$ cat protein.tsv   # TSV, C-alpha atoms
chain	number	residue	atom	x	y	z
U	74	SER	CA	61.94	-34.88	39.62
U	75	GLU	CA	58.87	-36.20	41.40
U	76	LYS	CA	56.34	-38.02	39.21
U	77	ILE	CA	52.56	-37.76	39.56
U	78	ASN	CA	49.70	-39.63	37.93
U	79	ALA	CA	47.27	-37.14	36.39
U	80	GLU	CA	44.43	-39.27	37.75
U	81	LYS	CA	45.06	-37.64	41.13
U	82	PHE	CA	44.02	-34.32	39.59
U	83	GLY	CA	40.81	-35.74	38.12
U	84	PHE	CA	42.05	-36.78	34.68
U	85	LEU	CA	39.65	-39.66	34.07
U	86	PRO	CA	37.82	-41.48	31.25
U	87	SER	CA	34.56	-40.54	32.95
U	88	ALA	CA	35.30	-36.78	33.02
U	89	SER	CA	34.20	-34.23	30.43
U	90	GLY	CA	36.56	-32.75	27.86
U	91	GLU	CA	36.79	-29.46	29.74
U	92	GLU	CA	37.40	-31.24	33.05
U	93	ASN	CA	40.17	-33.44	31.64
U	94	THR	CA	41.97	-30.55	29.95
U	95	ALA	CA	41.88	-28.55	33.17
U	96	ALA	CA	43.01	-31.56	35.22
U	97	LEU	CA	46.00	-32.31	32.99
U	98	GLN	CA	46.95	-28.63	32.97
U	99	SER	CA	46.86	-28.56	36.77
U	100	ALA	CA	49.04	-31.68	36.95
U	101	ILE	CA	51.77	-30.34	34.67
U	102	ASP	CA	51.69	-26.94	36.34
U	103	ALA	CA	52.40	-28.65	39.68
U	104	TYR	CA	54.81	-31.43	38.67
U	105	GLU	CA	57.66	-31.78	36.19
U	106	SER	CA	56.84	-35.41	35.38
U	107	VAL	CA	53.24	-36.47	34.73
U	108	GLU	CA	51.95	-39.85	33.61
U	109	VAL	CA	48.60	-41.35	32.63
U	110	THR	CA	48.41	-45.10	33.16
U	111	ARG	CA	44.73	-46.06	33.24
U	112	GLN	CA	43.57	-47.37	29.88
U	113	GLY	CA	40.52	-45.75	28.33
U	114	ILE	CA	39.20	-42.95	26.15
U	115	TYR	CA	39.74	-39.49	27.61
U	116	ASP	CA	37.74	-36.62	26.15
U	117	MET	CA	39.72	-33.38	25.88
U	118	ALA	CA	38.37	-29.93	24.96
U	119	GLY	CA	40.59	-26.91	24.60
U	120	THR	CA	44.35	-26.52	24.86
U	121	VAL	CA	47.03	-27.80	27.24
U	122	LYS	CA	49.98	-25.41	27.58
U	123	ILE	CA	53.29	-27.10	28.42
U	124	PRO	CA	55.97	-25.24	30.43
U	125	SER	CA	59.72	-25.87	30.41
U	126	ASP	CA	61.18	-28.93	32.15
U	127	THR	CA	58.00	-30.96	31.67
U	128	HIS	CA	57.72	-34.64	30.79
U	129	ILE	CA	54.32	-36.14	29.95
U	130	LYS	CA	53.86	-39.84	29.28
U	131	PHE	CA	50.69	-41.67	28.23
U	132	ALA	CA	50.59	-45.44	28.61
U	133	ASP	CA	49.48	-47.90	25.92
U	134	GLY	CA	45.69	-48.04	25.72
U	135	VAL	CA	45.20	-44.37	26.58
U	136	ILE	CA	43.32	-42.50	23.83
U	137	LEU	CA	42.85	-38.74	23.87
U	138	ARG	CA	39.66	-37.86	22.00
U	139	ARG	CA	39.26	-34.21	21.03
U	140	THR	CA	35.83	-32.75	21.72
U	141	PRO	CA	34.66	-29.34	20.49
U	142	LEU	CA	34.53	-26.21	22.60
U	143	ALA	CA	31.19	-24.47	22.96
U	144	ASP	CA	32.69	-21.43	21.18
U	145	SER	CA	34.34	-22.71	18.01
U	146	ARG	CA	36.23	-19.40	17.59
U	147	LEU	CA	38.42	-20.40	20.53
U	148	GLU	CA	39.42	-23.80	19.12
U	149	GLY	CA	43.21	-24.11	19.04
U	150	ASN	CA	45.93	-26.73	19.34
U	151	LEU	CA	45.56	-29.67	21.69
U	152	PHE	CA	49.13	-29.42	23.03
U	153	ILE	CA	51.35	-26.33	22.76
U	154	ASN	CA	54.26	-24.93	24.75
U	155	GLU	CA	53.34	-21.92	26.84
U	156	GLY	CA	56.18	-19.78	25.46
U	157	ALA	CA	54.63	-19.89	22.00
U	158	PHE	CA	52.32	-17.06	23.05
U	159	SER	CA	55.02	-14.81	24.53
U	160	GLY	CA	58.00	-15.49	22.27
U	161	ARG	CA	60.01	-16.90	25.18
U	162	PHE	CA	61.75	-20.22	24.54
U	163	ASN	CA	60.72	-23.28	26.50
U	164	GLU	CA	63.32	-25.99	27.10
U	165	ASN	CA	63.52	-29.65	28.05
U	166	ILE	CA	60.10	-31.02	27.14
U	167	THR	CA	59.08	-34.61	26.43
U	168	LEU	CA	55.66	-35.66	25.14
U	169	SER	CA	55.40	-39.42	24.85
U	170	GLY	CA	52.76	-42.00	24.02
U	171	ALA	CA	49.88	-39.71	23.04
U	172	HIS	CA	47.30	-41.50	20.89
U	173	ILE	CA	45.07	-38.69	19.67
U	174	CYS	CA	41.68	-39.08	18.04
U	175	VAL	CA	41.04	-35.83	16.15
U	176	ASN	CA	37.31	-36.61	16.09
U	177	GLY	CA	36.55	-33.84	13.59
U	178	VAL	CA	38.00	-31.03	15.74
U	179	GLU	CA	40.32	-28.50	14.07
U	180	SER	CA	41.67	-25.09	15.00
U	181	ALA	CA	39.82	-21.87	14.24
U	182	GLY	CA	41.42	-18.98	12.43
U	183	ALA	CA	43.23	-16.39	14.53
U	184	SER	CA	40.90	-13.63	15.66
U	185	PRO	CA	40.75	-10.78	18.20
U	186	GLU	CA	38.43	-12.90	20.36
U	187	SER	CA	41.14	-15.42	21.23
U	188	GLU	CA	44.62	-15.36	22.71
U	189	ASN	CA	44.71	-19.12	22.23
U	190	ILE	CA	45.45	-19.19	18.48
U	191	ILE	CA	48.64	-18.23	16.64
U	192	THR	CA	48.44	-17.56	12.91
U	193	GLY	CA	50.29	-20.28	11.00
U	194	LEU	CA	50.50	-22.68	13.96
U	195	ARG	CA	47.94	-25.38	13.30
U	196	GLY	CA	49.34	-28.65	14.60
U	197	HIS	CA	47.31	-30.74	17.01
U	198	ILE	CA	50.69	-30.99	18.73
U	199	ALA	CA	52.44	-27.64	18.24
U	200	PHE	CA	55.68	-26.13	19.50
U	201	LEU	CA	56.95	-22.62	18.75
U	202	TYR	CA	60.15	-21.29	20.40
U	203	VAL	CA	61.44	-24.53	21.87
U	204	LYS	CA	64.80	-26.13	22.68
U	205	ASN	CA	65.56	-29.72	23.63
U	206	LEU	CA	62.25	-31.32	22.71
U	207	ALA	CA	61.36	-34.99	22.30
U	208	VAL	CA	58.04	-36.08	20.78
U	209	GLU	CA	57.82	-39.87	20.92
U	210	ASP	CA	55.38	-42.70	20.19
U	211	ILE	CA	52.58	-40.47	18.91
U	212	THR	CA	49.62	-41.94	17.00
U	213	ILE	CA	47.08	-39.92	14.99
U	214	THR	CA	45.19	-41.67	12.22
U	215	ASP	CA	42.24	-39.37	11.43
U	216	LEU	CA	43.81	-36.11	10.27
U	217	MET	CA	41.41	-33.86	8.39
U	218	LYS	CA	42.15	-31.33	5.64
U	219	LYS	CA	43.37	-28.38	7.71
U	220	ASP	CA	45.48	-29.18	10.77
U	221	TYR	CA	48.84	-30.94	10.86
U	222	ALA	CA	49.59	-33.72	13.31
U	223	ILE	CA	52.88	-32.32	14.69
U	224	GLN	CA	54.19	-28.83	13.94
U	225	ILE	CA	57.47	-27.41	15.26
U	226	SER	CA	58.97	-24.00	14.46
U	227	ASP	CA	61.72	-21.74	15.83
U	228	PHE	CA	63.43	-24.72	17.39
U	229	GLU	CA	66.78	-26.12	18.43
U	230	ASN	CA	67.48	-29.79	19.17
U	231	VAL	CA	64.29	-31.70	18.41
U	232	LYS	CA	63.63	-35.43	18.16
U	233	VAL	CA	60.48	-36.94	16.64
U	234	LEU	CA	60.63	-40.69	17.18
U	235	ARG	CA	58.33	-43.64	16.43
U	236	VAL	CA	55.26	-41.72	15.29
U	237	HIS	CA	52.37	-43.18	13.27
U	238	LEU	CA	50.42	-40.48	11.45
U	239	GLU	CA	47.62	-40.83	8.89
U	240	GLY	CA	45.05	-38.63	7.21
U	241	MET	CA	44.57	-35.74	4.85
U	242	LYS	CA	47.15	-33.22	6.08
U	243	ASP	CA	50.86	-33.00	7.01
U	244	GLY	CA	52.34	-35.50	9.44
U	245	VAL	CA	55.42	-33.66	10.78
U	246	HIS	CA	55.73	-30.03	9.70
U	247	PHE	CA	58.91	-28.04	10.48
U	248	GLY	CA	59.38	-24.30	10.31
U	249	THR	CA	62.61	-22.45	10.95
U	250	GLY	CA	65.15	-24.08	13.28
U	251	ARG	CA	68.18	-26.32	13.57
U	252	ASN	CA	69.18	-29.78	14.74
U	253	PHE	CA	66.28	-32.18	14.22
U	254	VAL	CA	65.73	-35.91	13.88
U	255	VAL	CA	62.69	-37.79	12.53
U	256	LYS	CA	63.24	-41.51	12.93
U	257	ASP	CA	61.54	-44.91	12.95
U	258	SER	CA	58.13	-43.58	11.87
U	259	ARG	CA	55.20	-44.47	9.61
U	260	PHE	CA	53.02	-42.16	7.56
U	261	ARG	CA	49.95	-42.29	5.33
U	262	THR	CA	49.23	-38.62	4.74
U	263	PHE	CA	48.18	-35.96	2.24
U	264	ASP	CA	49.76	-33.37	1.69
U	265	ASP	CA	53.21	-34.12	3.14
U	266	ALA	CA	54.40	-36.89	5.38
U	267	ILE	CA	57.29	-34.63	6.42
U	268	ALA	CA	57.45	-30.91	5.54
U	269	ILE	CA	60.68	-28.93	5.92
U	270	ASN	CA	59.41	-25.47	5.10
U	271	CYS	CA	61.61	-22.40	5.43
U	272	ALA	CA	58.77	-20.43	3.86
U	273	ASP	CA	55.10	-21.22	3.42
U	274	TYR	CA	51.71	-19.54	3.37
U	275	SER	CA	51.08	-17.24	6.34
U	276	VAL	CA	48.45	-19.66	7.60
U	277	SER	CA	50.89	-22.58	7.36
U	278	ASN	CA	54.06	-21.30	9.08
U	279	PRO	CA	54.19	-18.87	12.01
U	280	ASN	CA	57.61	-17.55	10.94
U	281	PHE	CA	60.05	-17.79	8.02
U	282	GLY	CA	63.75	-18.67	8.25
U	283	SER	CA	66.48	-21.21	7.64
U	284	ILE	CA	66.31	-24.88	8.59
U	285	SER	CA	69.57	-26.77	9.09
U	286	ASP	CA	71.19	-29.93	10.43
U	287	GLY	CA	68.44	-32.52	10.11
U	288	LEU	CA	68.32	-36.30	9.86
U	289	ILE	CA	65.39	-38.33	8.55
U	290	GLU	CA	65.96	-42.05	8.96
U	291	ASN	CA	63.94	-45.26	8.71
U	292	CYS	CA	60.67	-43.55	7.87
U	293	VAL	CA	58.07	-45.33	5.73
U	294	GLU	CA	55.15	-44.03	3.71
U	295	LEU	CA	52.33	-46.55	3.70
U	296	PRO	CA	50.22	-46.91	0.55
U	297	GLY	CA	46.69	-45.59	0.72
U	298	TYR	CA	43.80	-44.29	-1.34
U	299	LYS	CA	43.85	-40.49	-1.72
U	300	THR	CA	47.04	-40.11	0.32
U	301	GLU	CA	49.63	-40.47	-2.43
U	302	SER	CA	51.37	-37.11	-2.24
U	303	PHE	CA	54.78	-35.79	-1.21
U	304	PHE	CA	56.76	-37.91	1.22
U	305	ILE	CA	59.23	-35.14	2.04
U	306	ARG	CA	58.56	-31.61	0.80
U	307	ILE	CA	61.28	-28.98	1.16
U	308	LEU	CA	60.27	-25.35	0.60
U	309	THR	CA	63.04	-22.76	0.51
U	310	GLY	CA	62.31	-19.20	-0.53
U	311	THR	CA	63.02	-16.03	1.39
U	312	ALA	CA	61.11	-13.37	3.22
U	313	ARG	CA	62.35	-9.80	3.17
U	314	GLU	CA	62.92	-8.31	6.62
U	315	TRP	CA	60.11	-6.03	7.75
U	316	GLN	CA	60.67	-2.31	7.40
U	317	GLU	CA	58.44	0.65	8.08
U	318	GLY	CA	56.12	1.44	5.19
U	319	MET	CA	56.06	-2.10	3.79
U	320	THR	CA	52.81	-3.46	2.43
$ encode --input "protein.tsv" --output "structure tokens"
Amino acid sequence: SEKINAEKFGFLPSASGEENTAALQSAIDAYESVEVTRQGIYDMAGTVKIPSDTHIKFADGVILRRTPLADSRLEGNLFINEGAFSGRFNENITLSGAHICVNGVESAGASPESENIITGLRGHIAFLYVKNLAVEDITITDLMKKDYAIQISDFENVKVLRVHLEGMKDGVHFGTGRNFVVKDSRFRTFDDAIAINCADYSVSNPNFGSISDGLIENCVELPGYKTESFFIRILTGTAREWQEGMT
């Protein structure tokens, strides 16, 4: 597939957060393969929705700094697949090299005012209903107390490789799915470096269900003040199927 540099769409260190988010969205809507090569700090406000067959690569020295939206009720994930909102699976996605500065920005609670927020899906990088996904070389070192770094649910065939995640919330958080790998990664997090959660609070998992066929290999938890918690947490539990009249 043809590759384009997002700079051609106006994705620039000098642009505003709203401008950069819109520019990157335009680039990935037009091209299957998008790269960012110019070093610098790029403000980003709002959410980028990733379609199927999309490959996004950020070069070393590119930092994505989250900036708040004017209406905090609309604050959602930074990256999410577009099918998360419709329940349609997206396939064949790669997100590589993103160095994200959270900068104090976290998602709002789901509300009638926004179609941009899904209850239980609170990763800065979030995927819901996805197959054949690779998330590689991601760095986030300023996680706050609410949002996870990477959250993936209702998935099949996922690789999380060479990530470096630090802060006060989960590093990699899985919901229901099968076939996953987390490999060659470093963590300094509280609560969980890696969460494998078939069931969780409604605000922590979008759906309940089984998780199977996973490999976690060569992952290290770094020592750190106030971040000594679970390295891998596995939550099982069950959820009864919905039926009319349930409360």
$ residues_near_point --input "protein.tsv" --point "(51.3, -29.2, 18.2)" --cutoff "12 Å" --atoms "only C-alpha atoms" --output "ChimeraX atom specification"
/U:120-123,149-155,157,168,171,173,179-180,190-191,193-201,203,208,211,213,220-226,243-247
$ closest_residue --input "protein.tsv" --among "U:Leu216, U:Ile77, U:Ala268, U:Ile289" --to "U:Thr309" --atoms "all atoms listed in the file"
U:Ala268
$ atom_distance --input "protein.tsv" --atom1 "atom CA of U:Glu75" --atom2 "atom CA of U:Arg138"
27.4 Å
$ residues_around --input "protein.tsv" --residues "U:Pro141" --least-positions-apart "3" --cutoff "9 Å" --atoms "all atoms listed in the file" --output "NGL selection string"
:U and (90 or 117-119 or 144-145 or 148 or 176-179)
$ residues_around --input "protein.tsv" --residues "U:Asp273" --least-positions-apart "5" --cutoff "8 Å" --atoms "all atoms listed in the file" --output "number ranges by chain"
U: 278, 281, 308
$ write_last_selection --input "protein.tsv" --atoms "C-alpha atoms" --output "PDB file, keeping the file's coordinate frame"
ATOM      1  CA  ASN U 278      54.060 -21.300   9.080  1.00  0.00           C
ATOM      2  CA  PHE U 281      60.050 -17.790   8.020  1.00  0.00           C
ATOM      3  CA  LEU U 308      60.270 -25.350   0.600  1.00  0.00           C
TER       4      LEU U 308
END
$ residues_around --input "protein.tsv" --residues "U:Asp264" --least-positions-apart "4" --cutoff "7 Å" --atoms "all atoms listed in the file" --output "list of chain:residue names"
U:Met241, U:Lys242, U:Asp243, U:Ser302, U:Phe303
$ atom_distance --input "protein.tsv" --atom1 "atom CA of U:Asp116" --atom2 "atom CA of U:Phe82"
15.0 Å
$ closest_residue --input "protein.tsv" --among "U:His128, U:His237, U:Lys76, U:Lys81" --to "U:Asp215" --atoms "all atoms listed in the file"
U:His237
